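S.K.: Structure in structure tokens, see below.
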Amino acid sequence: MNDYKYVVVPKKFEAFKKVNEYQTSTLVKYLFNGKGFNVVYDDALPLDLRANRCLGLMADLLDDSSMFTTKVMVSLTDCNGVEVYKTMQGMSKEKEYKTSYFEAIREAMRSFNGVDYTYTGEDVNNESITVSFKNDVKTVQEPNTKDVEVAKKTQEIVKAKEPVKSVTVKEEATEDTQLYKNNEPVTSTITKVEKEKPAFKKLQPNLSKIKDILYAQTTENGYQLVDSTPKIRMQLLKSSADNVFMAKTDDKNGMVYQKDGKWIFEYYDNNTLIQEELEIKF
């Protein structure tokens, strides 16, 4: 194995469905590093290994586990798919998968305890390359000094003629930005414009009184108000506030509340706020 510069560990072994399942890839890379190998993941190859895949050995986890026993071996193959080394079989009877694989892999990697690894191959990056240019020398004519000076002046003229984009910053004066003279503020000539506040039309409720006496009958969510006929005139639904109800008639929706000991039915009719006083017997 001394002929190989790298050990390549896949992020996902063929025996598993997920990437680094049970952290097996992480553990194998860690253990190989501990044995003195130069270990890389299969998605982070160095440049020389990309150029020549035969510089590295591909690690694989051979899983022969049964229902009650985890059994694994670590295999190393070269760029031609030839197996160069295979460890002994590591075993574990632990029930938890991660613990079981960790124990079995560590046992299998004990096979490298007697391996004295040192890379002895030639490093392609350190090879010296001699290139001869004999009989292939081309003469390069140096530019004329006057031509260079003319070119520089031409560039300066062109740049001088280019329009300069100016940015105008308009700053509106305020009383805070007025100049001071003799430590006295200059009288501001700035006219303050007060923004016109929108006018809100105050609604004047149209207060009237419903003459009929309405009798309150308890319902599941409040009351229903009936007249002497008896006819249901209004539905009252309880709200979160005391003596405030959401009210509904055949053609109106509003609210009924108690004010100054009186019951008021309040609703909108064509954008006009209407208030009607009710006489309710509970």
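For the structure tokens, the naming scheme is as follows: chains receive sequential letters (A, B, ...) according to their order of presentation, residues are indexed from 1 within each chain, and ligands are indexed from 1 in presentation order.
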Run DSSP on the backbone and grab whatever in segment 24-104 of chain A lands in helix (DSSP H, G or I); send it over as a PDB file with all heavy atoms, in the first residue's frame.
M.R.:
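Once everything was written out, this is part-v8.pdb:
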```pdb
ATOM      1  N   THR A  24     -20.813   6.234   9.691  1.00  0.00           N
ATOM      2  CA  THR A  24     -19.813   5.234   9.318  1.00  0.00           C
ATOM      3  C   THR A  24     -18.682   5.846   8.498  1.00  0.00           C
ATOM      4  O   THR A  24     -17.511   5.502   8.694  1.00  0.00           O
ATOM      5  CB  THR A  24     -20.478   4.103   8.521  1.00  0.00           C
ATOM      6  OG1 THR A  24     -21.303   4.654   7.490  1.00  0.00           O
ATOM      7  CG2 THR A  24     -21.349   3.239   9.419  1.00  0.00           C
ATOM      8  N   SER A  25     -19.000   6.742   7.576  1.00  0.00           N
ATOM      9  CA  SER A  25     -17.952   7.378   6.758  1.00  0.00           C
ATOM     10  C   SER A  25     -17.026   8.211   7.634  1.00  0.00           C
ATOM     11  O   SER A  25     -15.800   8.201   7.473  1.00  0.00           O
ATOM     12  CB  SER A  25     -18.581   8.255   5.669  1.00  0.00           C
ATOM     13  OG  SER A  25     -19.343   7.481   4.772  1.00  0.00           O
ATOM     14  N   THR A  26     -17.627   8.944   8.574  1.00  0.00           N
ATOM     15  CA  THR A  26     -16.822   9.760   9.482  1.00  0.00           C
ATOM     16  C   THR A  26     -15.863   8.910  10.302  1.00  0.00           C
ATOM     17  O   THR A  26     -14.678   9.245  10.463  1.00  0.00           O
ATOM     18  CB  THR A  26     -17.740  10.548  10.430  1.00  0.00           C
ATOM     19  OG1 THR A  26     -18.660  11.324   9.661  1.00  0.00           O
ATOM     20  CG2 THR A  26     -16.943  11.469  11.334  1.00  0.00           C
ATOM     21  N   LEU A  27     -16.365   7.767  10.798  1.00  0.00           N
ATOM     22  CA  LEU A  27     -15.537   6.904  11.637  1.00  0.00           C
ATOM     23  C   LEU A  27     -14.406   6.266  10.832  1.00  0.00           C
ATOM     24  O   LEU A  27     -13.255   6.240  11.294  1.00  0.00           O
ATOM     25  CB  LEU A  27     -16.399   5.808  12.266  1.00  0.00           C
ATOM     26  CG  LEU A  27     -15.647   4.792  13.137  1.00  0.00           C
ATOM     27  CD1 LEU A  27     -14.980   5.484  14.322  1.00  0.00           C
ATOM     28  CD2 LEU A  27     -16.571   3.680  13.618  1.00  0.00           C
ATOM     29  N   VAL A  28     -14.707   5.763   9.615  1.00  0.00           N
ATOM     30  CA  VAL A  28     -13.672   5.119   8.797  1.00  0.00           C
ATOM     31  C   VAL A  28     -12.571   6.118   8.458  1.00  0.00           C
ATOM     32  O   VAL A  28     -11.371   5.802   8.533  1.00  0.00           O
ATOM     33  CB  VAL A  28     -14.291   4.512   7.525  1.00  0.00           C
ATOM     34  CG1 VAL A  28     -13.196   4.049   6.561  1.00  0.00           C
ATOM     35  CG2 VAL A  28     -15.190   3.329   7.880  1.00  0.00           C
ATOM     36  N   LYS A  29     -12.941   7.348   8.073  1.00  0.00           N
ATOM     37  CA  LYS A  29     -11.936   8.365   7.747  1.00  0.00           C
ATOM     38  C   LYS A  29     -11.085   8.685   8.976  1.00  0.00           C
ATOM     39  O   LYS A  29      -9.854   8.811   8.890  1.00  0.00           O
ATOM     40  CB  LYS A  29     -12.617   9.637   7.243  1.00  0.00           C
ATOM     41  CG  LYS A  29     -11.649  10.735   6.808  1.00  0.00           C
ATOM     42  CD  LYS A  29     -12.416  11.922   6.233  1.00  0.00           C
ATOM     43  CE  LYS A  29     -11.476  12.982   5.690  1.00  0.00           C
ATOM     44  NZ  LYS A  29     -10.667  13.620   6.708  1.00  0.00           N
ATOM     45  N   TYR A  30     -11.716   8.800  10.130  1.00  0.00           N
ATOM     46  CA  TYR A  30     -11.001   9.099  11.372  1.00  0.00           C
ATOM     47  C   TYR A  30      -9.995   7.992  11.716  1.00  0.00           C
ATOM     48  O   TYR A  30      -8.851   8.267  12.086  1.00  0.00           O
ATOM     49  CB  TYR A  30     -12.014   9.280  12.498  1.00  0.00           C
ATOM     50  CG  TYR A  30     -11.396   9.357  13.878  1.00  0.00           C
ATOM     51  CD1 TYR A  30     -10.785  10.517  14.327  1.00  0.00           C
ATOM     52  CD2 TYR A  30     -11.422   8.242  14.730  1.00  0.00           C
ATOM     53  CE1 TYR A  30     -10.213  10.581  15.598  1.00  0.00           C
ATOM     54  CE2 TYR A  30     -10.857   8.300  15.989  1.00  0.00           C
ATOM     55  CZ  TYR A  30     -10.247   9.468  16.422  1.00  0.00           C
ATOM     56  OH  TYR A  30      -9.684   9.533  17.665  1.00  0.00           O
ATOM     57  N   LEU A  31     -10.424   6.736  11.565  1.00  0.00           N
ATOM     58  CA  LEU A  31      -9.538   5.619  11.911  1.00  0.00           C
ATOM     59  C   LEU A  31      -8.375   5.491  10.941  1.00  0.00           C
ATOM     60  O   LEU A  31      -7.242   5.194  11.346  1.00  0.00           O
ATOM     61  CB  LEU A  31     -10.352   4.315  11.950  1.00  0.00           C
ATOM     62  CG  LEU A  31     -11.402   4.240  13.077  1.00  0.00           C
ATOM     63  CD1 LEU A  31     -12.208   2.951  12.964  1.00  0.00           C
ATOM     64  CD2 LEU A  31     -10.744   4.331  14.445  1.00  0.00           C
ATOM     65  N   PHE A  32      -8.610   5.721   9.647  1.00  0.00           N
ATOM     66  CA  PHE A  32      -7.514   5.683   8.677  1.00  0.00           C
ATOM     67  C   PHE A  32      -6.509   6.793   8.957  1.00  0.00           C
ATOM     68  O   PHE A  32      -5.290   6.594   8.836  1.00  0.00           O
ATOM     69  CB  PHE A  32      -8.049   5.797   7.247  1.00  0.00           C
ATOM     70  CG  PHE A  32      -8.320   4.464   6.600  1.00  0.00           C
ATOM     71  CD1 PHE A  32      -9.596   4.107   6.196  1.00  0.00           C
ATOM     72  CD2 PHE A  32      -7.284   3.564   6.369  1.00  0.00           C
ATOM     73  CE1 PHE A  32      -9.842   2.890   5.598  1.00  0.00           C
ATOM     74  CE2 PHE A  32      -7.517   2.344   5.763  1.00  0.00           C
ATOM     75  CZ  PHE A  32      -8.810   1.994   5.382  1.00  0.00           C
ATOM     76  N   ASN A  33      -7.010   7.966   9.309  1.00  0.00           N
ATOM     77  CA  ASN A  33      -6.093   9.058   9.669  1.00  0.00           C
ATOM     78  C   ASN A  33      -5.223   8.656  10.859  1.00  0.00           C
ATOM     79  O   ASN A  33      -4.025   8.960  10.916  1.00  0.00           O
ATOM     80  CB  ASN A  33      -6.890  10.323  10.026  1.00  0.00           C
ATOM     81  CG  ASN A  33      -7.220  11.153   8.797  1.00  0.00           C
ATOM     82  OD1 ASN A  33      -6.433  11.222   7.865  1.00  0.00           O
ATOM     83  ND2 ASN A  33      -8.392  11.762   8.791  1.00  0.00           N
ATOM     84  N   GLY A  34      -5.831   7.965  11.804  1.00  0.00           N
ATOM     85  CA  GLY A  34      -5.083   7.537  12.974  1.00  0.00           C
ATOM     86  C   GLY A  34      -4.019   6.502  12.652  1.00  0.00           C
ATOM     87  O   GLY A  34      -3.045   6.344  13.417  1.00  0.00           O
ATOM     88  N   LEU A  47      -5.948  18.070  -6.326  1.00  0.00           N
ATOM     89  CA  LEU A  47      -5.741  18.213  -7.766  1.00  0.00           C
ATOM     90  C   LEU A  47      -4.985  17.033  -8.368  1.00  0.00           C
ATOM     91  O   LEU A  47      -5.352  16.540  -9.437  1.00  0.00           O
ATOM     92  CB  LEU A  47      -4.988  19.521  -8.042  1.00  0.00           C
ATOM     93  CG  LEU A  47      -5.755  20.810  -7.732  1.00  0.00           C
ATOM     94  CD1 LEU A  47      -4.877  22.026  -7.985  1.00  0.00           C
ATOM     95  CD2 LEU A  47      -7.007  20.892  -8.574  1.00  0.00           C
ATOM     96  N   ASP A  48      -3.927  16.558  -7.696  1.00  0.00           N
ATOM     97  CA  ASP A  48      -3.147  15.478  -8.294  1.00  0.00           C
ATOM     98  C   ASP A  48      -3.934  14.174  -8.352  1.00  0.00           C
ATOM     99  O   ASP A  48      -3.788  13.385  -9.275  1.00  0.00           O
ATOM    100  CB  ASP A  48      -1.828  15.278  -7.529  1.00  0.00           C
ATOM    101  CG  ASP A  48      -2.055  15.024  -6.046  1.00  0.00           C
ATOM    102  OD1 ASP A  48      -3.189  15.236  -5.574  1.00  0.00           O
ATOM    103  OD2 ASP A  48      -1.097  14.617  -5.356  1.00  0.00           O
ATOM    104  N   LEU A  49      -4.832  13.982  -7.383  1.00  0.00           N
ATOM    105  CA  LEU A  49      -5.658  12.776  -7.407  1.00  0.00           C
ATOM    106  C   LEU A  49      -6.744  12.870  -8.469  1.00  0.00           C
ATOM    107  O   LEU A  49      -7.136  11.867  -9.067  1.00  0.00           O
ATOM    108  CB  LEU A  49      -6.283  12.554  -6.021  1.00  0.00           C
ATOM    109  CG  LEU A  49      -7.095  11.264  -5.843  1.00  0.00           C
ATOM    110  CD1 LEU A  49      -6.277  10.037  -6.196  1.00  0.00           C
ATOM    111  CD2 LEU A  49      -7.623  11.160  -4.413  1.00  0.00           C
ATOM    112  N   ARG A  50      -7.237  14.080  -8.715  1.00  0.00           N
ATOM    113  CA  ARG A  50      -8.207  14.257  -9.807  1.00  0.00           C
ATOM    114  C   ARG A  50      -7.565  13.936 -11.150  1.00  0.00           C
ATOM    115  O   ARG A  50      -8.179  13.333 -12.029  1.00  0.00           O
ATOM    116  CB  ARG A  50      -8.726  15.691  -9.823  1.00  0.00           C
ATOM    117  CG  ARG A  50      -9.597  16.056  -8.638  1.00  0.00           C
ATOM    118  CD  ARG A  50     -10.099  17.484  -8.784  1.00  0.00           C
ATOM    119  NE  ARG A  50     -10.700  17.972  -7.557  1.00  0.00           N
ATOM    120  CZ  ARG A  50     -11.157  19.211  -7.408  1.00  0.00           C
ATOM    121  NH1 ARG A  50     -11.077  20.081  -8.428  1.00  0.00           N
ATOM    122  NH2 ARG A  50     -11.693  19.579  -6.267  1.00  0.00           N
ATOM    123  N   ALA A  51      -6.307  14.356 -11.304  1.00  0.00           N
ATOM    124  CA  ALA A  51      -5.606  14.116 -12.567  1.00  0.00           C
ATOM    125  C   ALA A  51      -5.224  12.653 -12.725  1.00  0.00           C
ATOM    126  O   ALA A  51      -5.183  12.126 -13.842  1.00  0.00           O
ATOM    127  CB  ALA A  51      -4.362  15.006 -12.641  1.00  0.00           C
ATOM    128  N   ARG A  53      -6.320   9.172 -10.819  1.00  0.00           N
ATOM    129  CA  ARG A  53      -7.071   8.470  -9.787  1.00  0.00           C
ATOM    130  C   ARG A  53      -6.319   7.261  -9.245  1.00  0.00           C
ATOM    131  O   ARG A  53      -6.661   6.733  -8.188  1.00  0.00           O
ATOM    132  CB  ARG A  53      -8.427   8.030 -10.339  1.00  0.00           C
ATOM    133  CG  ARG A  53      -9.356   9.186 -10.703  1.00  0.00           C
ATOM    134  CD  ARG A  53      -9.672  10.050  -9.488  1.00  0.00           C
ATOM    135  NE  ARG A  53     -10.448   9.332  -8.507  1.00  0.00           N
ATOM    136  CZ  ARG A  53     -11.770   9.322  -8.459  1.00  0.00           C
ATOM    137  NH1 ARG A  53     -12.458  10.036  -9.340  1.00  0.00           N
ATOM    138  NH2 ARG A  53     -12.408   8.646  -7.537  1.00  0.00           N
ATOM    139  N   CYS A  54      -5.291   6.823  -9.953  1.00  0.00           N
ATOM    140  CA  CYS A  54      -4.530   5.661  -9.506  1.00  0.00           C
ATOM    141  C   CYS A  54      -3.592   5.992  -8.340  1.00  0.00           C
ATOM    142  O   CYS A  54      -2.902   5.104  -7.827  1.00  0.00           O
ATOM    143  CB  CYS A  54      -3.729   5.073 -10.669  1.00  0.00           C
ATOM    144  SG  CYS A  54      -4.788   4.316 -11.939  1.00  0.00           S
ATOM    145  N   LEU A  55      -3.555   7.259  -7.938  1.00  0.00           N
ATOM    146  CA  LEU A  55      -2.762   7.615  -6.767  1.00  0.00           C
ATOM    147  C   LEU A  55      -3.459   7.213  -5.468  1.00  0.00           C
ATOM    148  O   LEU A  55      -2.838   7.213  -4.407  1.00  0.00           O
ATOM    149  CB  LEU A  55      -2.512   9.132  -6.736  1.00  0.00           C
ATOM    150  CG  LEU A  55      -1.506   9.693  -7.736  1.00  0.00           C
ATOM    151  CD1 LEU A  55      -1.488  11.215  -7.661  1.00  0.00           C
ATOM    152  CD2 LEU A  55      -0.126   9.137  -7.468  1.00  0.00           C
ATOM    153  N   TYR A  97     -28.012   0.355  16.387  1.00  0.00           N
ATOM    154  CA  TYR A  97     -27.268   0.237  15.136  1.00  0.00           C
ATOM    155  C   TYR A  97     -25.956   1.016  15.155  1.00  0.00           C
ATOM    156  O   TYR A  97     -24.901   0.505  14.790  1.00  0.00           O
ATOM    157  CB  TYR A  97     -28.128   0.714  13.957  1.00  0.00           C
ATOM    158  CG  TYR A  97     -29.147  -0.301  13.521  1.00  0.00           C
ATOM    159  CD1 TYR A  97     -30.512  -0.023  13.593  1.00  0.00           C
ATOM    160  CD2 TYR A  97     -28.763  -1.538  13.013  1.00  0.00           C
ATOM    161  CE1 TYR A  97     -31.461  -0.955  13.197  1.00  0.00           C
ATOM    162  CE2 TYR A  97     -29.706  -2.472  12.611  1.00  0.00           C
ATOM    163  CZ  TYR A  97     -31.052  -2.177  12.700  1.00  0.00           C
ATOM    164  OH  TYR A  97     -31.972  -3.105  12.305  1.00  0.00           O
ATOM    165  N   LYS A  98     -26.008   2.275  15.567  1.00  0.00           N
ATOM    166  CA  LYS A  98     -24.811   3.106  15.529  1.00  0.00           C
ATOM    167  C   LYS A  98     -23.715   2.530  16.417  1.00  0.00           C
ATOM    168  O   LYS A  98     -22.555   2.409  16.005  1.00  0.00           O
ATOM    169  CB  LYS A  98     -25.145   4.531  15.965  1.00  0.00           C
ATOM    170  CG  LYS A  98     -23.954   5.479  15.920  1.00  0.00           C
ATOM    171  CD  LYS A  98     -24.371   6.884  16.312  1.00  0.00           C
ATOM    172  CE  LYS A  98     -23.172   7.827  16.326  1.00  0.00           C
ATOM    173  NZ  LYS A  98     -23.548   9.199  16.708  1.00  0.00           N
ATOM    174  N   THR A  99     -24.095   2.127  17.635  1.00  0.00           N
ATOM    175  CA  THR A  99     -23.120   1.547  18.553  1.00  0.00           C
ATOM    176  C   THR A  99     -22.551   0.248  17.999  1.00  0.00           C
ATOM    177  O   THR A  99     -21.345  -0.017  18.084  1.00  0.00           O
ATOM    178  CB  THR A  99     -23.779   1.283  19.920  1.00  0.00           C
ATOM    179  OG1 THR A  99     -24.333   2.504  20.419  1.00  0.00           O
ATOM    180  CG2 THR A  99     -22.770   0.737  20.912  1.00  0.00           C
ATOM    181  N   SER A 100     -23.428  -0.560  17.377  1.00  0.00           N
ATOM    182  CA  SER A 100     -23.004  -1.857  16.838  1.00  0.00           C
ATOM    183  C   SER A 100     -22.021  -1.682  15.683  1.00  0.00           C
ATOM    184  O   SER A 100     -20.987  -2.359  15.617  1.00  0.00           O
ATOM    185  CB  SER A 100     -24.235  -2.640  16.373  1.00  0.00           C
ATOM    186  OG  SER A 100     -23.867  -3.925  15.920  1.00  0.00           O
ATOM    187  N   TYR A 101     -22.308  -0.742  14.752  1.00  0.00           N
ATOM    188  CA  TYR A 101     -21.397  -0.515  13.623  1.00  0.00           C
ATOM    189  C   TYR A 101     -20.074   0.083  14.092  1.00  0.00           C
ATOM    190  O   TYR A 101     -19.008  -0.263  13.580  1.00  0.00           O
ATOM    191  CB  TYR A 101     -22.058   0.383  12.585  1.00  0.00           C
ATOM    192  CG  TYR A 101     -22.928  -0.386  11.617  1.00  0.00           C
ATOM    193  CD1 TYR A 101     -24.317  -0.304  11.674  1.00  0.00           C
ATOM    194  CD2 TYR A 101     -22.368  -1.210  10.646  1.00  0.00           C
ATOM    195  CE1 TYR A 101     -25.128  -1.019  10.800  1.00  0.00           C
ATOM    196  CE2 TYR A 101     -23.164  -1.925   9.760  1.00  0.00           C
ATOM    197  CZ  TYR A 101     -24.546  -1.830   9.845  1.00  0.00           C
ATOM    198  OH  TYR A 101     -25.335  -2.547   8.969  1.00  0.00           O
ATOM    199  N   PHE A 102     -20.136   0.985  15.057  1.00  0.00           N
ATOM    200  CA  PHE A 102     -18.893   1.562  15.573  1.00  0.00           C
ATOM    201  C   PHE A 102     -17.987   0.483  16.155  1.00  0.00           C
ATOM    202  O   PHE A 102     -16.780   0.447  15.906  1.00  0.00           O
ATOM    203  CB  PHE A 102     -19.222   2.606  16.657  1.00  0.00           C
ATOM    204  CG  PHE A 102     -19.310   4.006  16.128  1.00  0.00           C
ATOM    205  CD1 PHE A 102     -20.013   4.282  14.964  1.00  0.00           C
ATOM    206  CD2 PHE A 102     -18.694   5.063  16.771  1.00  0.00           C
ATOM    207  CE1 PHE A 102     -20.096   5.576  14.476  1.00  0.00           C
ATOM    208  CE2 PHE A 102     -18.763   6.358  16.280  1.00  0.00           C
ATOM    209  CZ  PHE A 102     -19.470   6.608  15.138  1.00  0.00           C
ATOM    210  N   GLU A 103     -18.585  -0.429  16.917  1.00  0.00           N
ATOM    211  CA  GLU A 103     -17.794  -1.478  17.554  1.00  0.00           C
ATOM    212  C   GLU A 103     -17.217  -2.432  16.509  1.00  0.00           C
ATOM    213  O   GLU A 103     -16.038  -2.826  16.589  1.00  0.00           O
ATOM    214  CB  GLU A 103     -18.674  -2.245  18.548  1.00  0.00           C
ATOM    215  CG  GLU A 103     -17.929  -3.276  19.361  1.00  0.00           C
ATOM    216  CD  GLU A 103     -18.818  -3.924  20.408  1.00  0.00           C
ATOM    217  OE1 GLU A 103     -19.269  -3.204  21.321  1.00  0.00           O
ATOM    218  OE2 GLU A 103     -19.072  -5.141  20.296  1.00  0.00           O
ATOM    219  N   ALA A 104     -18.026  -2.813  15.517  1.00  0.00           N
ATOM    220  CA  ALA A 104     -17.574  -3.752  14.490  1.00  0.00           C
ATOM    221  C   ALA A 104     -16.494  -3.136  13.600  1.00  0.00           C
ATOM    222  O   ALA A 104     -15.504  -3.794  13.250  1.00  0.00           O
ATOM    223  CB  ALA A 104     -18.765  -4.210  13.648  1.00  0.00           C
TER     224      ALA A 104
END
```
S.K.: Which distance in Å separates atom CA of Lys281 of chain A and atom CA of Ile213 of chain A, to one decimal?
M.R.: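 Value for the atom CA of Lys281 of chain A-atom CA of Ile213 of chain A distance: 7.3 Å.
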S.K.: Could you state the separation of atom CA of Val244 of chain A and atom CA of Gln258 of chain A in Å, given to one decimal place?
M.R.: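 Distance between the two atoms: 6.9 Å.
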S.K.: Might you pull out every residue within 7 Å of segment 67-73 of chain A, with only C-alpha atoms counted and same-chain residues fewer than 6 positions away left off, and present them as a count of residues only?
M.R.: 14
S.K.: From the set A:Asp43, A:Asp227, A:Asp260, A:Glu14, which residue has the shortest atom-to-atom contact distance to Asn243 of chain A, counting only C-alpha atoms?
M.R.: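 Distance minimum relative to Asn243 of chain A lands on A:Asp260.
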S.K.: Quick check, in Å to one decimal: how far apart do atom CA of Lys5 of chain A and atom CA of Leu76 of chain A lie?
M.R.: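 These atoms are spaced 12.9 Å apart.
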S.K.: From the set A:Tyr223, A:Phe37, A:Trp263, A:Tyr6, which residue has the shortest atom-to-atom contact distance to Asn52 of chain A, counting only C-alpha atoms?
M.R.: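 The shortest atom-to-atom distance to Asn52 of chain A comes from A:Tyr6.
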S.K.: Which of these, A:Tyr117, A:Tyr41, A:Phe112, A:Tyr257, has the shortest distance to Asp3 of chain A once you count only C-alpha atoms?
M.R.: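 Looking only at the distances to Asp3 of chain A, the closest residue turns out to be A:Tyr117.
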S.K.: Taking only C-alpha atoms into account, which of A:Val226, A:Val84, A:Val115, A:Leu236 comes nearest Leu57 of chain A?
M.R.: A:Val84
